[in-house]
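Pasting entry.pdb here (PDB, C-alpha atoms and all ligand atoms):
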ATOM      1  CA  MET A 223      76.838  37.757 171.344
ATOM      2  CA  HIS A 224      79.658  40.158 170.780
ATOM      3  CA  THR A 225      79.337  43.777 171.757
ATOM      4  CA  THR A 226      81.135  46.907 170.727
ATOM      5  CA  ASP A 227      82.760  46.871 174.173
ATOM      6  CA  ALA A 228      84.974  44.109 172.813
ATOM      7  CA  THR A 229      88.113  44.872 170.825
ATOM      8  CA  PRO A 230      87.052  47.007 167.856
ATOM      9  CA  LEU A 231      88.116  45.648 164.506
ATOM     10  CA  ILE A 232      86.530  48.317 162.312
ATOM     11  CA  ARG A 233      86.369  51.922 163.395
ATOM     12  CA  ALA A 234      85.227  54.281 160.667
ATOM     13  CA  ARG A 235      84.526  57.960 161.280
ATOM     14  CA  GLY A 236      82.987  60.676 159.146
ATOM     15  CA  LEU A 237      82.975  58.681 155.921
ATOM     16  CA  SER A 238      81.895  60.559 152.850
ATOM     17  CA  ARG A 239      81.772  59.330 149.279
ATOM     18  CA  THR A 240      80.373  61.386 146.455
ATOM     19  CA  TYR A 241      80.003  60.282 142.859
ATOM     20  CA  ASP A 242      79.932  62.622 139.935
ATOM     21  CA  GLN A 243      76.975  61.642 137.807
ATOM     22  CA  GLY A 244      77.154  63.680 134.629
ATOM     23  CA  GLY A 245      78.157  66.850 136.441
ATOM     24  CA  ILE A 246      75.756  66.293 139.339
ATOM     25  CA  ALA A 247      77.292  65.320 142.678
ATOM     26  CA  GLN A 248      75.584  62.394 144.324
ATOM     27  CA  HIS A 249      76.379  62.184 148.027
ATOM     28  CA  VAL A 250      76.154  58.458 148.709
ATOM     29  CA  LEU A 251      77.824  58.444 152.125
ATOM     30  CA  ARG A 252      77.598  61.542 154.311
ATOM     31  CA  ASP A 253      79.548  61.575 157.504
ATOM     32  CA  ALA A 254      78.911  57.892 158.246
ATOM     33  CA  ASP A 255      80.361  56.216 161.350
ATOM     34  CA  LEU A 256      80.794  52.485 161.831
ATOM     35  CA  ASP A 257      82.142  50.342 164.646
ATOM     36  CA  VAL A 258      82.392  46.582 164.423
ATOM     37  CA  ALA A 259      83.916  44.445 167.163
ATOM     38  CA  ALA A 260      86.403  41.681 166.431
ATOM     39  CA  GLY A 261      84.521  38.444 165.774
ATOM     40  CA  GLU A 262      81.190  40.202 165.426
ATOM     41  CA  GLN A 263      78.690  39.423 162.641
ATOM     42  CA  VAL A 264      76.913  42.488 161.321
ATOM     43  CA  ALA A 265      74.135  42.662 158.729
ATOM     44  CA  LEU A 266      73.950  45.812 156.636
ATOM     45  CA  ILE A 267      70.593  46.665 155.113
ATOM     46  CA  GLY A 268      69.172  49.594 153.187
ATOM     47  CA  ARG A 269      67.317  50.450 150.013
ATOM     48  CA  SER A 270      68.781  49.775 146.598
ATOM     49  CA  GLY A 271      71.173  52.620 145.838
ATOM     50  CA  SER A 272      71.632  53.584 149.494
ATOM     51  CA  GLY A 273      75.377  52.930 149.295
ATOM     52  CA  LYS A 274      75.845  49.466 150.804
ATOM     53  CA  SER A 275      78.248  48.223 148.129
ATOM     54  CA  THR A 276      80.008  51.581 148.183
ATOM     55  CA  LEU A 277      80.630  51.157 151.909
ATOM     56  CA  LEU A 278      81.882  47.568 151.532
ATOM     57  CA  ASN A 279      84.282  48.689 148.821
ATOM     58  CA  LEU A 280      85.671  51.315 151.192
ATOM     59  CA  LEU A 281      86.083  48.733 153.958
ATOM     60  CA  ALA A 282      87.847  46.416 151.509
ATOM     61  CA  GLY A 283      90.171  49.177 150.368
ATOM     62  CA  ILE A 284      88.937  48.765 146.798
ATOM     63  CA  ASP A 285      87.796  52.370 146.865
ATOM     64  CA  ARG A 286      88.763  55.351 149.006
ATOM     65  CA  PRO A 287      86.537  57.778 150.948
ATOM     66  CA  ASP A 288      86.496  61.460 149.924
ATOM     67  CA  ALA A 289      86.659  62.289 153.619
ATOM     68  CA  GLY A 290      86.833  60.385 156.876
ATOM     69  CA  SER A 291      88.935  57.653 158.405
ATOM     70  CA  ILE A 292      88.833  53.860 158.378
ATOM     71  CA  LEU A 293      90.821  51.907 160.908
ATOM     72  CA  ILE A 294      90.898  48.141 160.482
ATOM     73  CA  GLY A 295      92.697  46.909 163.558
ATOM     74  CA  ASP A 296      95.587  49.344 163.736
ATOM     75  CA  VAL A 297      95.806  49.939 159.991
ATOM     76  CA  ALA A 298      94.641  53.355 158.721
ATOM     77  CA  LEU A 299      93.194  52.132 155.453
ATOM     78  CA  HIS A 300      92.166  55.603 154.204
ATOM     79  CA  ALA A 301      95.797  56.721 154.367
ATOM     80  CA  LEU A 302      97.279  53.895 152.295
ATOM     81  CA  ASP A 303      98.080  54.246 148.610
ATOM     82  CA  GLU A 304      96.616  51.823 146.117
ATOM     83  CA  THR A 305      99.512  49.367 146.213
ATOM     84  CA  ALA A 306      99.438  49.189 150.000
ATOM     85  CA  ARG A 307      95.649  48.836 150.000
ATOM     86  CA  THR A 308      95.869  45.953 147.550
ATOM     87  CA  ARG A 309      98.453  44.251 149.733
ATOM     88  CA  PHE A 310      96.279  44.857 152.798
ATOM     89  CA  ARG A 311      93.203  43.467 151.047
ATOM     90  CA  ARG A 312      94.954  40.327 149.830
ATOM     91  CA  THR A 313      96.168  39.553 153.321
ATOM     92  CA  HIS A 314      93.302  40.600 155.565
ATOM     93  CA  ILE A 315      90.042  40.643 153.593
ATOM     94  CA  GLY A 316      87.838  37.903 152.173
ATOM     95  CA  PHE A 317      85.059  38.906 149.772
ATOM     96  CA  VAL A 318      81.889  37.049 148.729
ATOM     97  CA  TYR A 319      79.917  38.582 145.843
ATOM     98  CA  GLN A 320      76.313  38.156 144.742
ATOM     99  CA  PHE A 321      77.372  36.863 141.336
ATOM    100  CA  PHE A 322      80.214  34.674 142.667
ATOM    101  CA  ASN A 323      83.010  36.323 140.615
ATOM    102  CA  LEU A 324      84.806  33.034 140.065
ATOM    103  CA  ILE A 325      87.366  32.820 137.280
ATOM    104  CA  PRO A 326      85.586  30.803 134.585
ATOM    105  CA  THR A 327      88.689  29.092 133.205
ATOM    106  CA  LEU A 328      89.896  27.831 136.601
ATOM    107  CA  THR A 329      88.536  24.794 138.427
ATOM    108  CA  ALA A 330      86.797  25.086 141.802
ATOM    109  CA  VAL A 331      89.947  24.106 143.658
ATOM    110  CA  GLU A 332      92.089  26.532 141.633
ATOM    111  CA  ASN A 333      89.628  29.365 142.309
ATOM    112  CA  ALA A 334      89.559  28.608 146.033
ATOM    113  CA  ALA A 335      93.371  28.423 146.207
ATOM    114  CA  LEU A 336      93.977  31.805 144.535
ATOM    115  CA  PRO A 337      94.141  34.038 147.641
ATOM    116  CA  LEU A 338      96.770  31.746 149.153
ATOM    117  CA  GLU A 339      98.835  31.765 145.983
ATOM    118  CA  LEU A 340      98.569  35.556 145.811
ATOM    119  CA  THR A 341     100.042  35.811 149.295
ATOM    120  CA  GLY A 342     102.954  33.574 148.402
ATOM    121  CA  THR A 343     101.945  30.060 149.401
ATOM    122  CA  PRO A 344     103.456  27.532 146.977
ATOM    123  CA  ARG A 345     100.894  26.305 144.478
ATOM    124  CA  ARG A 346     100.850  22.655 145.533
ATOM    125  CA  ARG A 347     100.295  23.504 149.159
ATOM    126  CA  ALA A 348      97.630  26.103 148.277
ATOM    127  CA  LEU A 349      95.775  23.550 146.146
ATOM    128  CA  ARG A 350      95.957  20.929 148.892
ATOM    129  CA  ARG A 351      94.512  23.370 151.424
ATOM    130  CA  ALA A 352      91.795  24.454 148.979
ATOM    131  CA  ARG A 353      90.807  20.832 148.421
ATOM    132  CA  GLU A 354      90.462  20.329 152.176
ATOM    133  CA  ASP A 355      88.360  23.471 152.558
ATOM    134  CA  LEU A 356      86.103  22.506 149.665
ATOM    135  CA  ALA A 357      85.624  19.120 151.344
ATOM    136  CA  THR A 358      84.618  20.908 154.573
ATOM    137  CA  LEU A 359      81.985  22.723 152.525
ATOM    138  CA  GLY A 360      80.701  19.450 151.046
ATOM    139  CA  LEU A 361      82.305  19.973 147.642
ATOM    140  CA  ALA A 362      84.992  17.280 147.578
ATOM    141  CA  ALA A 363      83.418  15.627 144.529
ATOM    142  CA  ARG A 364      83.158  18.917 142.593
ATOM    143  CA  ALA A 365      86.641  20.273 143.251
ATOM    144  CA  ASP A 366      87.881  19.726 139.689
ATOM    145  CA  ALA A 367      84.838  21.170 137.932
ATOM    146  CA  ILE A 368      84.911  24.618 136.338
ATOM    147  CA  PRO A 369      82.278  27.180 137.436
ATOM    148  CA  ASP A 370      80.076  26.545 134.365
ATOM    149  CA  GLN A 371      79.669  22.953 135.504
ATOM    150  CA  LEU A 372      78.546  23.964 139.005
ATOM    151  CA  SER A 373      75.149  24.945 140.378
ATOM    152  CA  GLY A 374      74.653  28.416 141.884
ATOM    153  CA  GLY A 375      74.873  27.053 145.427
ATOM    154  CA  GLU A 376      78.032  25.124 144.582
ATOM    155  CA  ARG A 377      79.606  28.202 143.016
ATOM    156  CA  GLN A 378      78.821  30.269 146.068
ATOM    157  CA  ARG A 379      80.377  27.622 148.324
ATOM    158  CA  VAL A 380      83.535  27.794 146.207
ATOM    159  CA  ALA A 381      83.406  31.571 146.719
ATOM    160  CA  VAL A 382      83.052  31.035 150.485
ATOM    161  CA  ALA A 383      86.091  28.737 150.455
ATOM    162  CA  ARG A 384      88.017  31.364 148.484
ATOM    163  CA  ALA A 385      86.964  34.120 150.916
ATOM    164  CA  LEU A 386      88.224  32.190 153.948
ATOM    165  CA  ILE A 387      91.245  30.240 152.739
ATOM    166  CA  HIS A 388      93.872  32.846 153.618
ATOM    167  CA  ALA A 389      92.454  33.226 157.156
ATOM    168  CA  PRO A 390      91.401  36.863 156.682
ATOM    169  CA  THR A 391      90.586  39.085 159.648
ATOM    170  CA  LEU A 392      87.448  40.383 157.986
ATOM    171  CA  VAL A 393      85.006  38.834 155.521
ATOM    172  CA  LEU A 394      82.771  41.162 153.506
ATOM    173  CA  ALA A 395      79.786  39.603 151.760
ATOM    174  CA  ASP A 396      77.674  41.632 149.308
ATOM    175  CA  GLU A 397      74.272  39.963 149.016
ATOM    176  CA  PRO A 398      75.800  36.484 149.087
ATOM    177  CA  THR A 399      72.392  34.783 148.878
ATOM    178  CA  GLY A 400      70.843  37.286 146.458
ATOM    179  CA  ASN A 401      71.275  35.050 143.434
ATOM    180  CA  LEU A 402      70.364  31.715 145.058
ATOM    181  CA  ASP A 403      67.047  30.101 145.796
ATOM    182  CA  VAL A 404      65.934  30.509 149.382
ATOM    183  CA  ALA A 405      66.772  27.045 150.693
ATOM    184  CA  ILE A 406      70.208  26.928 149.062
ATOM    185  CA  GLY A 407      70.915  30.484 150.149
ATOM    186  CA  ARG A 408      70.092  29.512 153.721
ATOM    187  CA  GLN A 409      72.558  26.588 153.606
ATOM    188  CA  VAL A 410      75.393  28.608 152.120
ATOM    189  CA  LEU A 411      74.848  31.400 154.590
ATOM    190  CA  ALA A 412      74.804  29.000 157.539
ATOM    191  CA  GLN A 413      78.149  27.654 156.344
ATOM    192  CA  LEU A 414      79.633  31.121 155.939
ATOM    193  CA  GLN A 415      78.391  32.291 159.345
ATOM    194  CA  GLY A 416      79.387  29.001 161.008
ATOM    195  CA  LEU A 417      82.940  29.039 159.657
ATOM    196  CA  CYS A 418      83.383  32.700 160.624
ATOM    197  CA  ARG A 419      82.141  31.945 164.158
ATOM    198  CA  GLU A 420      84.425  28.942 164.453
ATOM    199  CA  ARG A 421      87.456  30.948 163.358
ATOM    200  CA  GLY A 422      86.603  34.200 165.133
ATOM    201  CA  THR A 423      86.469  35.984 161.780
ATOM    202  CA  THR A 424      84.520  39.238 161.661
ATOM    203  CA  LEU A 425      81.716  39.188 159.077
ATOM    204  CA  VAL A 426      79.848  42.093 157.480
ATOM    205  CA  THR A 427      77.020  40.965 155.204
ATOM    206  CA  VAL A 428      74.970  43.224 152.960
ATOM    207  CA  THR A 429      71.547  41.701 152.575
ATOM    208  CA  HIS A 430      67.950  42.199 151.554
ATOM    209  CA  SER A 431      66.990  39.078 153.466
ATOM    210  CA  GLY A 432      65.327  39.407 156.863
ATOM    211  CA  GLU A 433      66.552  35.917 157.612
ATOM    212  CA  VAL A 434      70.185  36.841 157.099
ATOM    213  CA  ALA A 435      69.698  39.923 159.225
ATOM    214  CA  ALA A 436      68.076  37.853 161.959
ATOM    215  CA  GLY A 437      71.153  35.581 162.121
ATOM    216  CA  ALA A 438      73.512  38.505 162.718
ATOM    217  CA  ASP A 439      74.660  39.899 166.067
ATOM    218  CA  ARG A 440      73.650  43.374 164.979
ATOM    219  CA  VAL A 441      71.736  44.970 162.122
ATOM    220  CA  LEU A 442      72.711  48.360 160.721
ATOM    221  CA  THR A 443      70.635  50.339 158.262
ATOM    222  CA  LEU A 444      72.208  52.650 155.722
ATOM    223  CA  GLU A 445      69.896  55.571 155.111
ATOM    224  CA  ALA A 446      70.510  59.075 153.793
ATOM    225  CA  GLY A 447      74.239  58.369 153.776
ATOM    226  CA  ARG A 448      74.517  57.344 157.407
ATOM    227  CA  LEU A 449      74.367  54.178 159.466
ATOM    228  CA  ARG A 450      72.018  53.585 162.304
ATOM    229  CA  GLU A 451      71.296  50.652 164.561
ATOM    230  CA  THR A 452      68.104  48.933 163.568
ATOM    231  CA  GLY A 453      65.660  47.876 166.215
ATOM    232  CA  GLU A 454      63.085  46.327 163.984
ATOM    233  CA  VAL A 455      64.356  44.514 160.926
ATOM    234  CA  GLN A 456      62.949  45.900 157.695
ATOM    235  CA  THR A 457      63.892  44.421 154.346
ATOM    236  CA  TRP A 458      63.536  45.426 150.738
TER     237      TRP A 458
HETATM  238  N1  LIG A 501      81.240  54.310 140.101
HETATM  239  C1  LIG A 501      80.107  55.014 140.260
HETATM  240  N2  LIG A 501      79.893  56.163 139.578
HETATM  241  C2  LIG A 501      78.787  56.898 139.762
HETATM  242  N3  LIG A 501      77.797  56.556 140.600
HETATM  243  C3  LIG A 501      77.927  55.421 141.308
HETATM  244  C4  LIG A 501      79.089  54.580 141.176
HETATM  245  N4  LIG A 501      78.950  53.506 141.994
HETATM  246  C5  LIG A 501      77.766  53.666 142.612
HETATM  247  N5  LIG A 501      77.148  54.804 142.210
HETATM  248  C6  LIG A 501      75.855  55.313 142.703
HETATM  249  O1  LIG A 501      75.919  55.392 144.099
HETATM  250  C7  LIG A 501      74.695  54.971 144.683
HETATM  251  C8  LIG A 501      74.965  53.851 145.675
HETATM  252  O2  LIG A 501      75.363  52.698 144.961
HETATM  253  P1  LIG A 501      75.635  51.313 145.689
HETATM  254  O3  LIG A 501      76.004  50.350 144.632
HETATM  255  O4  LIG A 501      76.607  51.516 146.784
HETATM  256  O5  LIG A 501      74.199  50.995 146.308
HETATM  257  P2  LIG A 501      73.664  49.674 147.031
HETATM  258  O6  LIG A 501      73.087  50.089 148.325
HETATM  259  O7  LIG A 501      74.733  48.642 147.046
HETATM  260  O8  LIG A 501      72.469  49.228 146.062
HETATM  261  P3  LIG A 501      71.939  47.743 145.680
HETATM  262  O9  LIG A 501      71.121  47.289 146.857
HETATM  263  O10 LIG A 501      71.084  48.003 144.475
HETATM  264  O11 LIG A 501      73.128  46.889 145.395
HETATM  265  C9  LIG A 501      73.787  54.592 143.534
HETATM  266  O12 LIG A 501      72.924  55.664 143.289
HETATM  267  C10 LIG A 501      74.730  54.373 142.380
HETATM  268  O13 LIG A 501      74.111  54.692 141.163
HETATM  269 MG    MG A 502      74.941  46.779 146.153
END

Would you write the structure of this file as structure tokens?
Amino acid sequence: MHTTDATPLIRARGLSRTYDQGGIAQHVLRDADLDVAAGEQVALIGRSGSGKSTLLNLLAGIDRPDAGSILIGDVALHALDETARTRFRRTHIGFVYQFFNLIPTLTAVENAALPLELTGTPRRRALRRAREDLATLGLAARADAIPDQLSGGERQRVAVARALIHAPTLVLADEPTGNLDVAIGRQVLAQLQGLCRERGTTLVTVTHSGEVAAGADRVLTLEAGRLRETGEVQTW
């Protein structure tokens, strides 16, 4: 079990994010703080619309807070411009989405290799590494299939390979089992958590599943725009 006494990887302070919804300001995050230790696995829960995806997008540098600071390691993400954030994300972040987000015209191995290619690894080497990682995930025989030819669980394992291939510091998963049946979801999640443990990769998973939350080192609830430690796990 990792504690926040260990080296912090994420240190966010006073995060606010407001959306304009037809002239009405919706305060999704209000002065939220977050600390995650290096190597820690955190589950993030909260009602639909509470701002979980919004928060992940801030941590990924996809979006920017209206106020507050986000340190990832020693990088002040909130202070970077879009180009620098994109570069940061490509190098340091892996993302797993509920609906896989694979590129439909690329094969499994090409999808998994993309983050390596984007950071400058020559294509042949990237594809070789992707093939090895897919094999680790039990997908050696499906490596040349396109997403349409894969089951949901297989697609999500390709997405896991893609999230980890460039050895990111931080993996962000937004309801990674939300679109899978329970047994398959459990397998994929065990693989994601296991690989992150093995590699010391920090993992933040948004989930509605009590099971996912139970497998994490720590559970945080997002409520009324702020994060709090959850004693008892509640799910929606
Ligand atoms: N680009 C946007 N423009 C306006 N409002 C937005 C935008 N993105 C999100 N919102 C609003 O912000 C709130 C939080 O959305 P968010 O997607 O972060 O919630 P969530 O906790 O991930 O919900 P779910 O569990 O349903 O995925 C919602 O009320 C949503 O409608
Ligand atoms: Mg969401």

With the PyMOL selection byres (((chain A and resi 235-246) around 9) and not hetatm) as the selection, what would be picked from this file? Answer as a VMD selection string, please.
chain A and resid 233 to 234 247 to 257 276 to 277 286 to 293 447 to 448

Go through A:Ala446, A:Leu425, A:Ala282, A:Ala367 one by one, measure the shortest atom-to-atom distance of each to Val264 (chain A) using all atoms listed in the file, and give the residue with the smallest value.
A:Leu425

Show me which residues sit within 9 Å of ligand MG 502 (chain A) when counting only C-alpha atoms and all ligand atoms, and put them as number ranges by chain.
A: 270-276, 278, 320, 396-397, 428-429

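Relative to CA of Ala385 (chain A), CA of Phe317 (chain A) is found at 5.3 Å.
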
Name the residues that the PyMOL selection byres (((chain A and resi 358) around 12) and not hetatm) pulls out of this structure, and write them as a PyMOL selection string.
chain A and resi 351-357+359-363+365+379-380+382-383+386-387+413-414+416-417

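Close contacts of Arg384 (chain A), defined as residues with an atom at most 7 Å away when counting all atoms listed in the file, with chain neighbours fewer than 3 positions off set aside, comprise Asn333, Ala334, Ala335, Pro337, Val380, Ala381 and Ile387 of chain A.
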
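Taking all atoms listed in the file into account, ligand LIG 501 (chain A) lies nearest to A:Ala395 out of the set A:Leu324, A:Ala395, A:Ile368, A:Val434.
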
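Evaluating the PyMOL selection byres (((chain A and resi 327) around 8) and not hetatm) against the shown model yields Ile325, Pro326, Leu328, Thr329, Ile368 and Pro369 of chain A.
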
Create the file for the chosen residues now, containing C-alpha atoms and written as a compact mmCIF listing (two decimals), in the coordinates of the input.
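As a result, part_26.txt now contains:
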# COMPACT_ATOMS: atom_id res chain seq x y z
CA ILE A 325 87.37 32.82 137.28
CA PRO A 326 85.59 30.80 134.58
CA LEU A 328 89.90 27.83 136.60
CA THR A 329 88.54 24.79 138.43
CA ILE A 368 84.91 24.62 136.34
CA PRO A 369 82.28 27.18 137.44

Write out as a ChimeraX atom specification each polymer residue whose atoms come within 9 Å of Arg450 (chain A), counting all atoms listed in the file; drop sequence neighbours fewer than 5 positions from it.
/A:255-256,441-445

Keeping only C-alpha atoms, write the selected residues to a file as a tab-separated table (two decimals), in the coordinates of the input.
chain	number	residue	atom	x	y	z
A	255	ASP	CA	80.36	56.22	161.35
A	256	LEU	CA	80.79	52.48	161.83
A	441	VAL	CA	71.74	44.97	162.12
A	442	LEU	CA	72.71	48.36	160.72
A	443	THR	CA	70.64	50.34	158.26
A	444	LEU	CA	72.21	52.65	155.72
A	445	GLU	CA	69.90	55.57	155.11

Pick from A:Leu411, A:Ala348, A:Ile294, A:Ile284: nearest to ligand LIG 501 (chain A), with all atoms listed in the file counted?
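Closest residue, counting all atoms listed in the file: A:Ile284.
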
Nearest-residue call for ligand LIG 501 (chain A), choices A:Thr427, A:Gln409, A:Thr305, A:Thr452, using all atoms listed in the file:
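Going through A:Thr427, A:Gln409, A:Thr305, A:Thr452 one by one, the smallest distance to ligand LIG 501 (chain A) is for A:Thr427.
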
Distance in Å - CA of Thr313 (chain A) versus CA of Pro390 (chain A):
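Taking CA of Thr313 (chain A) as the start and CA of Pro390 (chain A) as the end point, the length is 6.4 Å.
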
Around region 260-275 of chain A, with edges along x, y and z and 6 Å added on all six sides, what centre and edge lengths do you get, in Å to one decimal, as JSON?
{"center_x": 76.9, "center_y": 46.0, "center_z": 156.1, "size_x": 31.1, "size_y": 27.1, "size_z": 32.6}
